[in-house]
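S.K.: Right, I'll just put the structure down here and ask away after.
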Amino acid sequence: MNTIIYWSPFISNVGTIKSTINSAISFKKFYNNNIRIKIINVCGEWDNYKDIIKKNNIELINLTFNYINYLPKNGFIKSRISYLLIFFISFIPLLKLMKNENKSFFVAHLITSLPIFLSLFFNLKTKLVLRISGYPKLHFLRKKFWVFAAKKISLITCPTEELRENLFKLNIFDHKKINFLPDAIINVRDIPYKKKEIINLPTKKKFFLSVGRLTKQKNYTYLINEIFDYLKQHNQYDLIILGEGEERKNLTNIINKKGMSNRIFLLGHVTNQYYFMKNAKALILSSLWEEVGFVIVESALCNLLVVSSDCNNGPKEFLSNGKAGYLFKNNEKDALKKTIFQIQNDNFKKKVLAKKNSLKYTRFRHFKCFKEILGI
């Protein structure tokens, strides 16, 4: 019997949660019954998802004990401290697990250094599948680590073709191991119901929408500064931002200084963003870097026009270099502002192509592609 084990420890609400659980569900739903799917609950991070995991007959492996609430989370330094704690606390338990599951596919999504390290220095028979997202920052130590471990990694998956080509150029891994694998972002059946749910909006005006954690990566300071002039000139529009994070206080101060507290709304994390997507004029993604950008895919499926920075790695590829949406120069002053002013009312062709592209990221398409990569 084939076994797939997912290692995806997280300390905050990230898109990888959705891609991991949807990937696991896709195999249980579309594969025959002769497969075991397991998710490792490293520090209690998967406790809130126990119901959906159990409902889909996925096994949850409690690796150590529940300590996620004690881990520092906000900011680069604090998150790195948490990753180190997870590394050392999980070291022995994960080694024992990987020895026991010696014929399994071990899919490493986050904090991948630990399973790679164990595979490198111990005689393990698990087939390690490394999922690389975004363009990796290859400092000297990481590059050397990857070079030493390259032969121990069975397969590598990338969420974009661009990232796959970039990894080819690095010449660290055997090119045959590197595969394009669209994330399992969309459960098509859920969206129509979620779009129908009535949610009280903070404004009765038309609005632009942005969705993502309030972090430096999402570049919301740039977004607010760029859209300011447009909102002043177009009183019929507001901006709604969905997401939570360490930048909230800073962003709130910027909004207040601009006198836009009744025009730009920080609504925090919401469980259903599809109702907002259904009613918005356009989604704006101002990120400094992205994979594909889960919110881009979901917005496209909801027929929402997408306006995105041309950052690495995924938005340009998903938006077909501007044919399926609007692209602006990443983090360049006035670039987003000019793009917003250029948006036309008739964007039918862009929306159709974007929706077509979004269908690559369904659970079923992910399953078919991943099954072929694993050769099962």
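Labels used: A, B, ... for chains in the order of the structure tokens, numbers from 1 for residues in each chain, and numbers from 1 for ligands as shown.
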So that I can see what lies close to Asp174 in chain A, please list as a VMD selection string the residues with an atom at most 12 Å from it, counting only C-alpha atoms and leaving out residues fewer than 3 positions away in the same chain.
M.R.: chain A and resid 146 to 147 149 to 156 164 167 to 171 177 to 179
S.K.: Would you list the contacts of range 360-371 of chain A as JSON, numbers by chain, taking every protein, DNA or RNA residue within 9 Å and counting only C-alpha atoms, but skipping same-chain residues closer than 5 positions in sequence?
M.R.: {"A": [22, 23, 25, 26, 27, 29, 30, 31, 157, 180, 181, 182, 183, 184, 185, 186, 187, 188, 297, 376]}
S.K.: Restrict the selected residues to C-alpha atoms and save them as a PDB file, in the first residue's frame.
M.R.:
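Full text of again-v6.pdb as output:
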ATOM      1  CA  ASN A  22      -6.193  20.085  -0.279  1.00  0.00           C
ATOM      2  CA  SER A  23      -3.376  17.943  -1.654  1.00  0.00           C
ATOM      3  CA  ILE A  25      -7.766  15.383   0.412  1.00  0.00           C
ATOM      4  CA  SER A  26      -7.294  15.077  -3.360  1.00  0.00           C
ATOM      5  CA  PHE A  27      -5.521  11.713  -3.000  1.00  0.00           C
ATOM      6  CA  LYS A  29     -10.929  11.480  -2.954  1.00  0.00           C
ATOM      7  CA  PHE A  30      -9.593  10.592  -6.401  1.00  0.00           C
ATOM      8  CA  TYR A  31      -7.168   7.721  -5.781  1.00  0.00           C
ATOM      9  CA  THR A 157       8.028  20.193  -7.028  1.00  0.00           C
ATOM     10  CA  PHE A 180       6.013  21.709 -12.128  1.00  0.00           C
ATOM     11  CA  LEU A 181       3.123  20.972  -9.763  1.00  0.00           C
ATOM     12  CA  PRO A 182       0.168  23.403  -9.541  1.00  0.00           C
ATOM     13  CA  ASP A 183      -0.975  23.783  -5.946  1.00  0.00           C
ATOM     14  CA  ALA A 184      -4.343  22.345  -4.923  1.00  0.00           C
ATOM     15  CA  ILE A 185      -5.931  25.717  -4.256  1.00  0.00           C
ATOM     16  CA  ILE A 186      -9.520  25.340  -5.400  1.00  0.00           C
ATOM     17  CA  ASN A 187     -12.363  23.109  -4.309  1.00  0.00           C
ATOM     18  CA  VAL A 188     -14.762  24.029  -7.113  1.00  0.00           C
ATOM     19  CA  VAL A 297      -6.321  32.084  -8.485  1.00  0.00           C
ATOM     20  CA  ILE A 376       1.956   5.616  -8.433  1.00  0.00           C
TER      21      ILE A 376
END
S.K.: What's the separation between CA of Ser119 in chain A and CA of Leu97 in chain A, in Å to one decimal place?
M.R.: 12.1 Å
S.K.: Tell me, as JSON, numbers by chain, which residues lie within 7 Å of range 211-213 of chain A, counting only C-alpha atoms; anything in the same chain fewer than 3 positions away does not count.
M.R.: {"A": [218, 241, 242, 243, 244, 245, 295]}
S.K.: Can you tell me which residues surround Ala280 in chain A at a distance of at most 8 Å, considering only C-alpha atoms, apart from same-chain residues fewer than 5 positions away, and format the answer as a ChimeraX atom specification?
M.R.: /A:206-209,304
S.K.: Nearest to Tyr274 in chain A: which of A:Asp51, A:Glu161, A:Asp190, A:Glu246 is it, counting only C-alpha atoms?
M.R.: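 With only C-alpha atoms as the atom set, the closest residue is A:Asp190.
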S.K.: Excluding range 75-87 of chain A and its own-chain neighbours fewer than 6 positions away, which residues fall within 10 Å of it when counting only C-alpha atoms? Please give them as a list in words.
M.R.: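 After dropping sequence-adjacent residues, the list is Pro9, Phe10, Ile11, Ser12, Val42, Cys43, Thr64, Tyr67, Ile68, Leu94, Leu110, Ile111, Thr112, Ser113, Leu114, Pro115, Thr215, Lys216, Gly245, Glu246 and Glu247 of chain A.
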S.K.: Set the distance at 8 Å and use only C-alpha atoms: which residues neighbour Ile40 in chain A once local chain neighbours fewer than 6 positions away are removed? I'd like the list as an mmCIF file with C-alpha atoms, in the first residue's frame.
M.R.:
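Below is the file that was written, result.cif:
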data_model
loop_
_atom_site.group_PDB
_atom_site.id
_atom_site.type_symbol
_atom_site.label_atom_id
_atom_site.label_comp_id
_atom_site.auth_asym_id
_atom_site.auth_seq_id
_atom_site.Cartn_x
_atom_site.Cartn_y
_atom_site.Cartn_z
ATOM 1 C CA ILE A 5 3.132 11.757 4.584
ATOM 2 C CA TYR A 6 2.916 15.566 4.663
ATOM 3 C CA TRP A 7 5.377 17.576 6.750
ATOM 4 C CA SER A 8 4.110 21.162 6.843
ATOM 5 C CA PRO A 9 4.628 22.817 10.255
ATOM 6 C CA LEU A 60 -3.083 12.879 11.917
ATOM 7 C CA ILE A 61 0.249 12.005 13.526
ATOM 8 C CA ASN A 62 0.945 13.857 16.785
ATOM 9 C CA LEU A 63 4.727 14.129 16.678
#
S.K.: Rounded to one decimal, what separation in Å do you get between CA of Asn66 in chain A and CA of Gly44 in chain A?
M.R.: 4.4 Å
S.K.: Between CA of Asn200 in chain A and CA of Asp238 in chain A, what is the spacing in Å?
M.R.: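 Those two atoms sit 15.1 Å apart.
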